[in-house]
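Enquirer: I have a structure here, written as structure tokens, and I will follow up with some questions on it.
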Amino acid sequence: EDKVVQSPLSLVVHEGDTVTLNCSYEVTNFRSLLWYKQEKKAPTFLFMLTSSGIEKKSGRLSSILDKKELFSILNITATQTGDSAVYLCAVEGNYGGSQGNLIFGKGTKLSVKP
Amino acid sequence: NAGVMQNPRHLVRRRGQEARLRCSPMKGHSHVYWYRQLPEEGLKFMVYLQKENIIDESGMPKERFSAEFPKEGPSILRIQQVVRGDSAAYFCASSPENSYNSPLHFGNGTRLTVT
């Protein structure tokens, strides 16, 4: 069965700390892995990863994928209170012509204290 | 350039009533996806539609749930005879026609509460 497991489930840090969020997966015919940030409303897209070893970076956030070991990490450096959110990891497999059927993890709830 | 629009934002229904959730995709997008997020759970895929076609409904409950995406107008997720267990946030996402390796962008969701 396809699944995504995120760890830790929750994390409390202080402003300025660096955090690493983990995502491991099992999926049929891997197509891509995505990271989203969810505050009170819509999940907002952060990164899409399809190839191993290539770091994607956006400001203080970065992510990398290891397709051999079936995991990804999301790093946030110099955290700010505005980074407080639930971070969701999702994978998409190749389901015979369908698309958009993402398997989501339960998320990591990050709280950044001032 | 408006994003995915969902309405209503909040919907309260009594057990046994019908719930209709609407989703207007981003401009130029012809594919729509519905997801459900139960409390303390991750998002779960429900259905993938193109205009006038259901492509993948593997995540839809077998009874009481239906979805459509007509030629004109928004996509509708319909839940008949709602029960308390249907209380959840329902998110819609859209993508353009050639969207392999394009991320899904989600709307703000409809929070359904069944009393």
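By convention in this document, the chains of the structure tokens carry letters A, B, ... by their order, each chain's residues are numbered from 1, and ligands are numbered from 1 in the order they are shown.
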Per residue of chain A within 6 Å of chain B, record the nearest atom pair and its distance in Å to one decimal, counting only C-alpha atoms, with rows in chain order and ascending residue number, as a Markdown table.

Expert:
```
| residue | atom | partner | partner_atom | distance |
| --- | --- | --- | --- | --- |
| A:Lys41 | CA | B:Asn108 | CA | 5.1 |
| A:Ala42 | CA | B:Asn108 | CA | 4.3 |
| A:Asn101 | CA | B:Phe45 | CA | 5.9 |
| A:Phe104 | CA | B:Gly42 | CA | 5.7 |
| A:Gly105 | CA | B:Gly42 | CA | 5.6 |
| A:Lys106 | CA | B:Gly42 | CA | 4.2 |
```

Enquirer: Could you list, as JSON, numbers by chain, every residue within 6 Å of A:Asp66, counting only C-alpha atoms and ignoring same-chain residues fewer than 4 positions away?

Expert: {"A": [52, 70, 71]}

Enquirer: Write down as a ChimeraX atom specification the residues of chain A whose backbone DSSP state falls under strand (DSSP E or B).

Expert: /A:3-7,10-14,19-26,30-38,43-49,56-58,61-66,71-76,85-93,102-104,108-113

Enquirer: Just want the 8 Å neighbourhood of A:Ile73, counted on only C-alpha atoms, with same-chain residues fewer than 4 positions away dropped. Output as a ChimeraX atom specification.

Expert: /A:20-23,63-65

Enquirer: Excluding same-chain residues fewer than 5 positions from A:Gly16, what lies within 8 Å of it counting only C-alpha atoms, as JSON, numbers by chain?

Expert: {"A": [77, 78, 79, 80]}

Enquirer: Hey, what's within 10 Å of A:Lys56 if we count only C-alpha atoms and toss same-chain stuff fewer than 3 positions away? As a ChimeraX atom specification, please?

Expert: /A:46-49,53,61-65,74

Enquirer: Any chance you could export the current selection's N, CA, C and O atoms as a compact mmCIF listing (two decimals), in the first residue's frame?

Expert:
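Now in part.txt:
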```
# COMPACT_ATOMS: atom_id res chain seq x y z
N LEU A 46 5.41 24.47 -1.90
CA LEU A 46 6.78 24.88 -1.63
C LEU A 46 7.74 24.33 -2.69
O LEU A 46 8.41 25.08 -3.38
N PHE A 47 7.81 23.01 -2.79
CA PHE A 47 8.78 22.38 -3.69
C PHE A 47 8.18 21.14 -4.34
O PHE A 47 7.37 20.45 -3.73
N MET A 48 8.65 20.87 -5.55
CA MET A 48 8.40 19.60 -6.21
C MET A 48 9.75 19.00 -6.54
O MET A 48 10.60 19.68 -7.13
N LEU A 49 9.94 17.73 -6.18
CA LEU A 49 11.22 17.05 -6.40
C LEU A 49 10.96 15.80 -7.22
O LEU A 49 10.06 15.01 -6.90
N GLY A 53 19.17 13.89 -5.23
CA GLY A 53 20.42 14.60 -5.02
C GLY A 53 20.45 16.04 -5.48
O GLY A 53 21.47 16.72 -5.31
N LEU A 61 14.39 28.17 2.93
CA LEU A 61 13.91 26.80 2.83
C LEU A 61 14.67 26.06 1.73
O LEU A 61 14.99 26.64 0.69
N SER A 62 14.94 24.79 1.99
CA SER A 62 15.57 23.95 0.98
C SER A 62 15.08 22.53 1.17
O SER A 62 14.67 22.14 2.26
N SER A 63 15.19 21.75 0.10
CA SER A 63 14.72 20.37 0.17
C SER A 63 15.53 19.51 -0.78
O SER A 63 16.03 19.99 -1.81
N ILE A 64 15.63 18.24 -0.45
CA ILE A 64 16.37 17.31 -1.28
C ILE A 64 15.69 15.95 -1.21
O ILE A 64 15.00 15.63 -0.24
N LEU A 65 15.87 15.16 -2.25
CA LEU A 65 15.20 13.87 -2.38
C LEU A 65 16.26 12.76 -2.54
O LEU A 65 17.27 12.96 -3.24
N LEU A 74 13.15 18.48 4.45
CA LEU A 74 12.90 19.91 4.26
C LEU A 74 13.65 20.64 5.37
O LEU A 74 13.43 20.36 6.54
```

Enquirer: Identify which of the residues B:Val12, B:Leu112, B:Leu21, B:Leu38 lies closest to B:Arg78, counting only C-alpha atoms when measuring atom-to-atom distances.

Expert: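 Checking each of B:Val12, B:Leu112, B:Leu21, B:Leu38 against B:Arg78, counting only C-alpha atoms, the winner is B:Leu21.
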
Enquirer: Can you measure atom CA of B:Gln6 to atom CA of B:Glu68 for me? One decimal in Å is fine.

Expert: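 Atom CA of B:Glu68 lies at a distance of 14.5 Å from atom CA of B:Gln6.
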
Enquirer: From the set B:Ser66, B:Ser75, B:Thr113, B:Gln50, which residue has the shortest atom-to-atom contact distance to B:Arg22, counting only C-alpha atoms?

Expert: B:Ser75

Enquirer: Just give me the gap between atom CA of B:Ala67 and atom CA of B:Cys23 in Å, one decimal is fine.

Expert: 10.7 Å

Enquirer: Do you know which residues are at most 6 Å from stretch 2-10 of chain A counting only C-alpha atoms, after dropping those on the same chain fewer than 2 positions away, and could you put them as a PDB file with C-alpha atoms, in the first residue's frame?

Expert:
```
ATOM      1  CA  ASN A  22      11.635  14.238   7.419  1.00  0.00           C
ATOM      2  CA  CYS A  23       9.473  12.404   4.927  1.00  0.00           C
ATOM      3  CA  SER A  24       9.764   8.734   3.975  1.00  0.00           C
ATOM      4  CA  TYR A  25       7.550   7.071   1.421  1.00  0.00           C
ATOM      5  CA  GLU A  26       6.490   3.937  -0.384  1.00  0.00           C
ATOM      6  CA  VAL A  27       4.724   4.450  -3.684  1.00  0.00           C
ATOM      7  CA  GLY A 105       1.568  12.355   5.124  1.00  0.00           C
ATOM      8  CA  THR A 108       4.765  18.022  10.882  1.00  0.00           C
ATOM      9  CA  LYS A 109       3.395  20.801  13.053  1.00  0.00           C
ATOM     10  CA  LEU A 110       6.134  23.377  13.538  1.00  0.00           C
TER      11      LEU A 110
END
```

Enquirer: Please compute the atom CA of A:Asp17-atom CA of A:Pro114 distance, one decimal, in Å.

Expert: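 Going from atom CA of A:Asp17 over to atom CA of A:Pro114, I get 10.7 Å.
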
Enquirer: At a cut-off of 6 Å, using only C-alpha atoms, what residues contact A:Tyr87? Leave out same-chain residues fewer than 6 positions from it and give the result as number ranges by chain.

Expert: A: 36-37, 107-108

Enquirer: Write the residues you've just listed into a file as a PDB file, in the first residue's frame, and include N, CA and C atoms for each of them.

Expert:
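Wrote part_27.pdb, looks like this:
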```pdb
ATOM      1  N   TYR A  36       4.335  20.999   0.970  1.00  0.00           N
ATOM      2  CA  TYR A  36       3.387  22.089   1.101  1.00  0.00           C
ATOM      3  C   TYR A  36       3.451  22.641   2.522  1.00  0.00           C
ATOM      4  N   LYS A  37       3.104  23.923   2.650  1.00  0.00           N
ATOM      5  CA  LYS A  37       2.976  24.561   3.957  1.00  0.00           C
ATOM      6  C   LYS A  37       1.501  24.873   4.161  1.00  0.00           C
ATOM      7  N   GLY A 107       1.703  15.211   8.242  1.00  0.00           N
ATOM      8  CA  GLY A 107       2.255  16.533   8.467  1.00  0.00           C
ATOM      9  C   GLY A 107       3.124  16.634   9.699  1.00  0.00           C
ATOM     10  N   THR A 108       3.980  17.639   9.695  1.00  0.00           N
ATOM     11  CA  THR A 108       4.765  18.022  10.882  1.00  0.00           C
ATOM     12  C   THR A 108       4.301  19.396  11.310  1.00  0.00           C
TER      13      THR A 108
END
```
